[in-house]
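Shown next: start29.cif, given as mmCIF, C-alpha atoms and all ligand atoms.
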data_start
loop_
_atom_site.label_atom_id
_atom_site.label_comp_id
_atom_site.auth_asym_id
_atom_site.auth_seq_id
_atom_site.Cartn_x
_atom_site.Cartn_y
_atom_site.Cartn_z
CA MET A 1 -24.63 -24.32 -17.30
CA ARG A 2 -23.36 -22.09 -20.10
CA LEU A 3 -19.69 -21.09 -20.35
CA ASP A 4 -18.25 -18.40 -22.61
CA VAL A 5 -14.50 -17.85 -22.86
CA VAL A 6 -12.98 -14.85 -24.63
CA THR A 7 -9.29 -15.24 -25.46
CA ILE A 8 -6.62 -14.41 -28.01
CA PHE A 9 -5.63 -18.12 -27.94
CA PRO A 10 -8.83 -20.08 -28.63
CA GLU A 11 -6.77 -23.24 -29.35
CA TYR A 12 -5.48 -23.11 -25.76
CA LEU A 13 -9.02 -24.09 -24.67
CA GLU A 14 -9.06 -27.29 -26.78
CA PRO A 15 -8.83 -29.44 -23.61
CA LEU A 16 -12.42 -28.39 -22.89
CA ASN A 17 -13.35 -31.00 -25.56
CA VAL A 18 -11.75 -33.80 -23.54
CA SER A 19 -12.45 -35.91 -20.46
CA LEU A 20 -14.91 -34.80 -17.80
CA VAL A 21 -15.70 -31.37 -19.27
CA GLY A 22 -15.87 -32.79 -22.81
CA LYS A 23 -18.29 -35.50 -21.70
CA ALA A 24 -20.47 -33.03 -19.79
CA ARG A 25 -20.61 -31.00 -23.02
CA ALA A 26 -21.49 -34.05 -25.11
CA ARG A 27 -24.28 -34.91 -22.65
CA GLY A 28 -25.66 -31.37 -22.89
CA GLN A 29 -24.98 -30.58 -19.21
CA LEU A 30 -22.57 -27.85 -20.24
CA GLY A 31 -22.62 -25.49 -23.21
CA VAL A 32 -19.15 -24.13 -23.99
CA HIS A 33 -18.54 -21.21 -26.36
CA VAL A 34 -14.94 -20.13 -27.03
CA HIS A 35 -14.48 -16.77 -28.76
CA ASP A 36 -11.44 -15.12 -30.36
CA LEU A 37 -11.06 -11.62 -28.92
CA ARG A 38 -9.47 -10.50 -32.21
CA ASP A 39 -12.85 -10.96 -33.91
CA TRP A 40 -13.69 -7.64 -32.25
CA THR A 41 -10.70 -5.70 -33.62
CA TYR A 42 -10.92 -3.70 -36.82
CA ASP A 43 -7.35 -2.58 -37.59
CA ARG A 44 -4.91 -4.35 -39.91
CA HIS A 45 -2.92 -5.85 -37.02
CA SER A 46 -5.91 -6.90 -34.89
CA THR A 47 -4.49 -4.90 -32.00
CA VAL A 48 -5.67 -5.89 -28.52
CA ASP A 49 -3.03 -4.15 -26.37
CA ASP A 50 -1.40 -0.78 -25.84
CA THR A 51 1.18 0.88 -23.59
CA PRO A 52 0.23 1.54 -19.95
CA TYR A 53 -0.77 5.03 -18.79
CA GLY A 54 1.71 6.21 -16.19
CA GLY A 55 4.51 4.24 -17.84
CA GLY A 56 6.06 0.98 -16.82
CA PRO A 57 6.91 -2.30 -18.48
CA GLY A 58 4.65 -4.48 -20.58
CA MET A 59 1.38 -3.85 -22.35
CA VAL A 60 -2.24 -3.54 -21.19
CA MET A 61 -5.24 -5.05 -22.97
CA LYS A 62 -7.45 -2.37 -24.51
CA THR A 63 -11.02 -1.62 -23.44
CA GLU A 64 -12.75 -1.59 -26.85
CA PRO A 65 -12.28 -5.20 -28.05
CA TRP A 66 -13.29 -6.55 -24.61
CA GLY A 67 -16.29 -4.23 -24.43
CA GLU A 68 -17.56 -5.16 -27.87
CA ALA A 69 -16.93 -8.86 -27.35
CA LEU A 70 -18.70 -8.94 -23.98
CA ASP A 71 -21.66 -6.88 -25.24
CA GLN A 72 -22.21 -9.26 -28.13
CA ILE A 73 -21.69 -12.42 -26.09
CA LEU A 74 -24.17 -11.13 -23.50
CA ALA A 75 -26.71 -10.25 -26.19
CA ASP A 76 -26.32 -13.65 -27.90
CA GLY A 77 -26.53 -15.50 -24.61
CA TYR A 78 -29.68 -13.71 -23.46
CA GLU A 79 -31.13 -14.24 -26.94
CA SER A 80 -30.68 -18.00 -26.59
CA GLY A 81 -32.26 -18.00 -23.13
CA ALA A 82 -29.20 -17.81 -20.84
CA ARG A 83 -29.74 -15.84 -17.61
CA GLU A 84 -27.80 -14.37 -14.67
CA PRO A 85 -24.31 -14.12 -16.11
CA ALA A 86 -21.29 -13.93 -13.82
CA LEU A 87 -17.95 -12.64 -15.07
CA VAL A 88 -14.86 -14.63 -14.05
CA VAL A 89 -11.63 -12.69 -14.46
CA PRO A 90 -8.53 -14.84 -13.88
CA THR A 91 -5.71 -12.71 -12.50
CA PRO A 92 -2.76 -13.28 -10.14
CA SER A 93 -4.10 -10.30 -8.14
CA GLY A 94 -7.52 -11.86 -7.64
CA ARG A 95 -8.88 -13.55 -4.54
CA ARG A 96 -7.76 -17.12 -4.05
CA PHE A 97 -9.76 -19.69 -6.04
CA THR A 98 -10.77 -22.31 -3.45
CA GLN A 99 -13.22 -25.23 -3.33
CA GLU A 100 -15.69 -22.80 -1.74
CA VAL A 101 -15.48 -20.46 -4.74
CA ALA A 102 -15.78 -23.47 -7.08
CA LEU A 103 -18.98 -24.47 -5.29
CA GLU A 104 -20.36 -20.93 -5.50
CA LEU A 105 -19.61 -20.74 -9.24
CA SER A 106 -21.11 -24.20 -9.84
CA ARG A 107 -24.47 -22.78 -8.73
CA LYS A 108 -24.45 -20.07 -11.42
CA PRO A 109 -26.22 -20.80 -14.69
CA TRP A 110 -23.82 -18.78 -16.88
CA LEU A 111 -20.11 -18.01 -16.51
CA ILE A 112 -18.14 -15.71 -18.81
CA PHE A 113 -14.33 -15.98 -18.58
CA THR A 114 -11.93 -13.24 -19.66
CA PRO A 115 -8.40 -14.70 -19.53
CA ALA A 116 -5.86 -11.94 -20.21
CA ARG A 117 -2.32 -11.87 -21.54
CA TYR A 118 0.28 -9.13 -21.01
CA GLU A 119 -0.10 -7.06 -17.81
CA GLY A 120 -3.87 -7.56 -17.70
CA ILE A 121 -6.98 -5.74 -18.91
CA ASP A 122 -7.67 -2.00 -18.59
CA ARG A 123 -9.42 -1.66 -15.20
CA ARG A 124 -12.45 0.06 -16.67
CA VAL A 125 -13.67 -3.19 -18.28
CA ALA A 126 -14.20 -5.00 -14.94
CA ASP A 127 -15.64 -1.80 -13.40
CA GLU A 128 -18.11 -1.42 -16.29
CA TYR A 129 -19.46 -4.99 -16.19
CA ALA A 130 -19.54 -5.04 -12.38
CA THR A 131 -22.49 -2.63 -12.65
CA ARG A 132 -24.46 -5.35 -14.47
CA MET A 133 -23.34 -8.69 -12.98
CA PRO A 134 -21.22 -10.25 -10.25
CA VAL A 135 -17.52 -10.17 -11.12
CA TYR A 136 -15.14 -12.77 -9.67
CA GLU A 137 -11.48 -11.85 -9.92
CA VAL A 138 -9.68 -15.04 -8.99
CA SER A 139 -6.12 -16.33 -8.72
CA ILE A 140 -5.39 -20.05 -8.82
CA GLY A 141 -2.26 -19.83 -6.66
CA ASP A 142 0.78 -17.87 -5.60
CA TYR A 143 2.76 -17.97 -8.83
CA VAL A 144 2.52 -16.03 -12.08
CA LEU A 145 1.30 -17.55 -15.34
CA ALA A 146 1.89 -15.98 -18.75
CA GLY A 147 -1.87 -15.74 -19.24
CA GLY A 148 -5.21 -16.67 -17.74
CA GLU A 149 -6.10 -19.51 -20.14
CA ALA A 150 -4.58 -22.28 -18.02
CA ALA A 151 -6.47 -20.85 -15.04
CA VAL A 152 -9.73 -21.07 -17.03
CA LEU A 153 -9.05 -24.78 -17.60
CA VAL A 154 -8.40 -25.27 -13.89
CA ILE A 155 -11.49 -23.35 -12.77
CA THR A 156 -13.71 -25.01 -15.38
CA GLU A 157 -12.68 -28.49 -14.33
CA ALA A 158 -13.15 -27.74 -10.63
CA VAL A 159 -16.61 -26.28 -11.31
CA ALA A 160 -17.82 -28.84 -13.88
CA ARG A 161 -17.22 -31.82 -11.61
CA LEU A 162 -19.54 -30.24 -9.03
CA LEU A 163 -22.48 -29.95 -11.45
CA PRO A 164 -25.33 -32.35 -10.70
CA GLY A 165 -24.90 -35.57 -12.67
CA VAL A 166 -21.42 -34.81 -14.05
CA LEU A 167 -19.50 -37.16 -11.75
CA GLY A 168 -20.80 -40.72 -11.98
CA ASN A 169 -21.24 -41.12 -8.24
CA ALA A 170 -22.97 -38.40 -6.23
CA GLU A 171 -20.86 -39.44 -3.22
CA SER A 172 -17.63 -38.89 -5.15
CA HIS A 173 -16.94 -35.40 -3.89
CA ARG A 174 -18.19 -35.88 -0.36
CA ASP A 175 -14.70 -36.88 0.84
CA ASP A 176 -12.76 -34.47 -1.39
CA SER A 177 -9.90 -32.73 0.33
CA PHE A 178 -11.28 -29.25 1.10
CA ALA A 179 -14.92 -30.41 0.83
CA PRO A 180 -17.09 -28.98 3.60
CA GLY A 181 -18.19 -31.72 6.04
CA ALA A 182 -16.77 -34.81 7.67
CA MET A 183 -13.13 -34.61 6.56
CA ALA A 184 -13.24 -30.81 6.56
CA ASP A 185 -9.83 -29.22 6.35
CA LEU A 186 -7.91 -32.49 6.19
CA LEU A 187 -6.15 -33.79 3.10
CA GLU A 188 -7.13 -37.21 1.84
CA GLY A 189 -4.81 -40.05 2.75
CA PRO A 190 -3.32 -42.72 0.46
CA VAL A 191 -5.45 -45.11 -1.60
CA TYR A 192 -4.76 -48.66 -2.86
CA THR A 193 -6.18 -51.16 -5.33
CA LYS A 194 -5.34 -54.67 -6.59
CA PRO A 195 -3.00 -56.53 -6.67
CA PRO A 196 -2.59 -57.01 -2.90
CA GLU A 197 1.18 -57.24 -3.30
CA TRP A 198 3.30 -55.36 -5.84
CA ARG A 199 7.12 -55.52 -5.97
CA GLY A 200 7.15 -56.77 -2.43
CA ARG A 201 4.88 -53.97 -1.22
CA ALA A 202 1.74 -55.06 0.64
CA ILE A 203 -1.52 -53.22 1.27
CA PRO A 204 -1.97 -51.87 4.82
CA GLU A 205 -3.54 -54.86 6.54
CA VAL A 206 -6.45 -52.95 8.05
CA LEU A 207 -7.87 -52.33 4.55
CA LEU A 208 -8.26 -56.09 4.08
CA SER A 209 -9.87 -56.58 7.50
CA GLY A 210 -13.44 -55.81 6.45
CA HIS A 211 -13.79 -53.87 9.70
CA HIS A 212 -15.43 -50.62 8.56
CA GLY A 213 -14.93 -48.80 11.85
CA LYS A 214 -11.21 -49.59 11.95
CA ILE A 215 -10.83 -48.68 8.29
CA ALA A 216 -12.53 -45.30 8.80
CA ARG A 217 -10.27 -44.60 11.81
CA TRP A 218 -7.14 -45.62 9.91
CA ARG A 219 -8.09 -43.37 6.99
CA ARG A 220 -8.63 -40.44 9.32
CA ASP A 221 -5.26 -41.03 11.03
CA GLU A 222 -3.58 -41.12 7.62
CA ALA A 223 -5.39 -37.90 6.68
CA PHE A 224 -3.98 -36.27 9.85
CA ARG A 225 -0.46 -37.55 9.05
CA ARG A 226 -0.55 -36.21 5.51
CA THR A 227 -2.09 -32.89 6.51
CA ALA A 228 0.41 -32.38 9.35
CA ARG A 229 3.27 -33.04 6.94
CA ASN A 230 2.09 -31.19 3.81
CA ARG A 231 -0.31 -28.53 5.07
CA PRO A 232 0.26 -27.77 8.77
CA ASP A 233 -1.56 -24.47 8.21
CA LEU A 234 -4.81 -26.45 7.77
CA ILE A 235 -4.44 -27.99 11.22
CA GLU A 236 -3.55 -24.66 12.84
CA ARG A 237 -6.72 -23.22 11.29
CA CYS A 238 -8.95 -26.06 12.58
CA ASP A 239 -11.34 -25.62 15.47
CA ALA A 240 -10.26 -28.35 17.90
CA ALA A 241 -13.90 -28.77 18.94
CA ALA A 242 -14.29 -30.71 15.67
CA PHE A 243 -11.77 -33.34 16.92
CA ASP A 244 -12.70 -36.47 18.84
CA LYS A 245 -10.56 -38.31 21.41
CA LYS A 246 -8.80 -40.43 18.76
CA ASP A 247 -8.12 -37.31 16.67
CA ARG A 248 -6.41 -35.74 19.69
CA GLU A 249 -4.38 -38.90 20.20
CA ILE A 250 -3.06 -38.98 16.66
CA LEU A 251 -2.35 -35.23 16.76
CA SER A 252 -0.41 -35.69 19.99
CA ILE A 253 1.61 -38.53 18.39
CA LEU A 254 2.33 -36.18 15.48
CA GLY A 255 3.54 -33.51 17.90
CA TRP A 256 0.53 -31.21 18.12
CA GLU A 257 -0.87 -29.84 21.38
CA PRO A 258 -4.17 -28.07 22.12
CA GLU A 259 -4.05 -24.43 23.20
CA PRO A 260 -6.64 -22.83 25.51
CA ASP A 261 -8.07 -20.96 22.48
CA GLY A 262 -9.28 -24.26 21.03
CA ARG A 263 -6.67 -24.55 18.29
CA PHE A 264 -3.72 -26.88 17.90
CA TRP A 265 -0.07 -25.87 17.75
CA ARG A 266 2.92 -27.99 16.94
CA ARG A 267 5.32 -28.62 19.82
CA ARG A 268 8.48 -26.62 19.39
CA ALA A 269 10.87 -29.60 19.26
CA ASP A 270 8.84 -31.05 16.39
CA VAL A 271 8.79 -27.79 14.43
CA GLU A 272 12.59 -27.61 14.51
CA GLU A 273 13.16 -31.23 13.57
CL1 LIG A 301 -5.69 -16.57 -12.74
N1 LIG A 301 -3.58 -15.69 -14.05
C1 LIG A 301 -2.27 -15.51 -14.19
N2 LIG A 301 -1.79 -14.89 -15.28
N3 LIG A 301 -1.38 -15.92 -13.30
C2 LIG A 301 -1.86 -16.55 -12.24
C3 LIG A 301 -3.22 -16.78 -12.03
C4 LIG A 301 -4.07 -16.32 -12.97
N4 LIG A 301 -3.38 -17.41 -10.87
C5 LIG A 301 -2.17 -17.58 -10.38
N5 LIG A 301 -1.24 -17.06 -11.19
#
Starting from the file, lay out its structure as structure tokens.
Amino acid sequence: MRLDVVTIFPEYLEPLNVSLVGKARARGQLGVHVHDLRDWTYDRHSTVDDTPYGGGPGMVMKTEPWGEALDQILADGYESGAREPALVVPTPSGRRFTQEVALELSRKPWLIFTPARYEGIDRRVADEYATRMPVYEVSIGDYVLAGGEAAVLVITEAVARLLPGVLGNAESHRDDSFAPGAMADLLEGPVYTKPPEWRGRAIPEVLLSGHHGKIARWRRDEAFRRTARNRPDLIERCDAAAFDKKDREILSILGWEPEPDGRFWRRRADVEE
């Protein structure tokens, strides 16, 4: 996979040299190219922003530097054999970046990121490139960052770990919270390692039992407990048809009841507690 990032803060992307993404780069599984948007400005102040039409606070990033940068990056990429670019535009007004979007992006051969500062990029830039390639406007959560660079780091890490051969163990993301499949829509429960006792705290005994069936059941119960506590919306969204008898038992203990529509709702007394 090839990644291009265009930014006015290239040094903000230094973490792409480190850890999982850095290693994938070193192994040649990922080609990362960080570009300084100001390389495509020609005035004395390297201006990338201007006042918004229609008035209002803040500044808007200008069309020309982005257009020239993207044209050249596309030309250089195609020249070196890259194909099927997708544009990833981090913005708080984008669609939510989820594991599903990460998986979709991980199947693209070439991603071009345009993290913005100020109030964002003149709309015409996304509209222009949308005629030539898929454009993903994504938000990493319901809060506002000063710029999209941190979002690029987040998205890149989520995508890179899904590339074939990047994580050591192909099974490693099977049980991820939010991974499609067995533990779908449940958060992962707690994990433990040696020593078996630390500051008077023991490991849950079942984990030492060697009984794989009991261990799997315990882990699933813990996943329900954690999900009910931290993300009740995930349980409300679940199709109860995916739950077995033991799942229903633990949900009932946690205060959830099935509705005729096949979903689970928390009993009123428990909601108010
Ligand atoms: Cl992608 N960018 C900015 N500036 N703020 C955000 C965001 C992105 N996602 C959530 N907040």
Tell me which of A:Met1, A:Arg248, A:Glu222, A:Glu197 sits closest to Arg27 (chain A), counting all atoms listed in the file. A:Met1
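Residue nearest Gln72 (chain A) within the list A:Glu11, A:Asp4, A:Ala242, A:Ala102: A:Asp4 [criterion: smallest interatomic distance, all atoms listed in the file].
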When you draw a straight line from CA of Lys214 (chain A) to CA of Trp198 (chain A), how long is it in Å? 23.7 Å
Rounded to one decimal in Å, what is the spacing between CA of Arg229 (chain A) and atom N4 of ligand LIG 301 (chain A)? 24.6 Å
Please identify all polymer residues within 7 Å of Glu137 (chain A), counting all atoms listed in the file, omitting same-chain residues fewer than 4 positions from it, and present them as a ChimeraX atom specification. /A:88-91,94-95
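The spacing separating CA of Val18 (chain A) from CA of Ile140 (chain A) amounts to 21.1 Å.
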Starting from 3 Å padding per side, set up an axis-aligned box that covers all listed atoms of region 224-228 of chain A and hand over centre and edge lengths in Å, one decimal, as AutoDock Vina command-line options.
--center_x -1.8 --center_y -35.0 --center_z 7.7 --size_x 10.4 --size_y 11.2 --size_z 10.3
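Using all atoms listed in the file, residues with at least one atom at most 6 Å away from any atom of ligand LIG 301 (chain A) are Pro90, Thr91, Pro92, Val138, Ser139, Ile140, Gly141, Asp142, Tyr143, Val144, Leu145, Ala146, Gly147, Gly148 and Ala151 of chain A.
Closest to Ile112 (chain A) among A:Gly31, A:Pro196, A:Gly22, A:Pro258 is A:Gly31, based on only C-alpha atoms.
Near Val34 (chain A), within 8 Å and counting all atoms listed in the file, sit Asp4, Val5, Val6, Thr7, Pro10, Leu13, Val32 and Asp36 of chain A; same-chain residues fewer than 2 positions away were not included.
Considering all atoms listed in the file, the residue among A:Leu208, A:Ala24, A:Leu251, A:Met59 positioned nearest to Pro195 (chain A) is A:Leu208.
Each of A:Arg83, A:Arg266, A:Arg201, A:Lys194 was checked against Ala228 (chain A) using all atoms listed in the file; the smallest atom-to-atom distance is that of A:Arg266.
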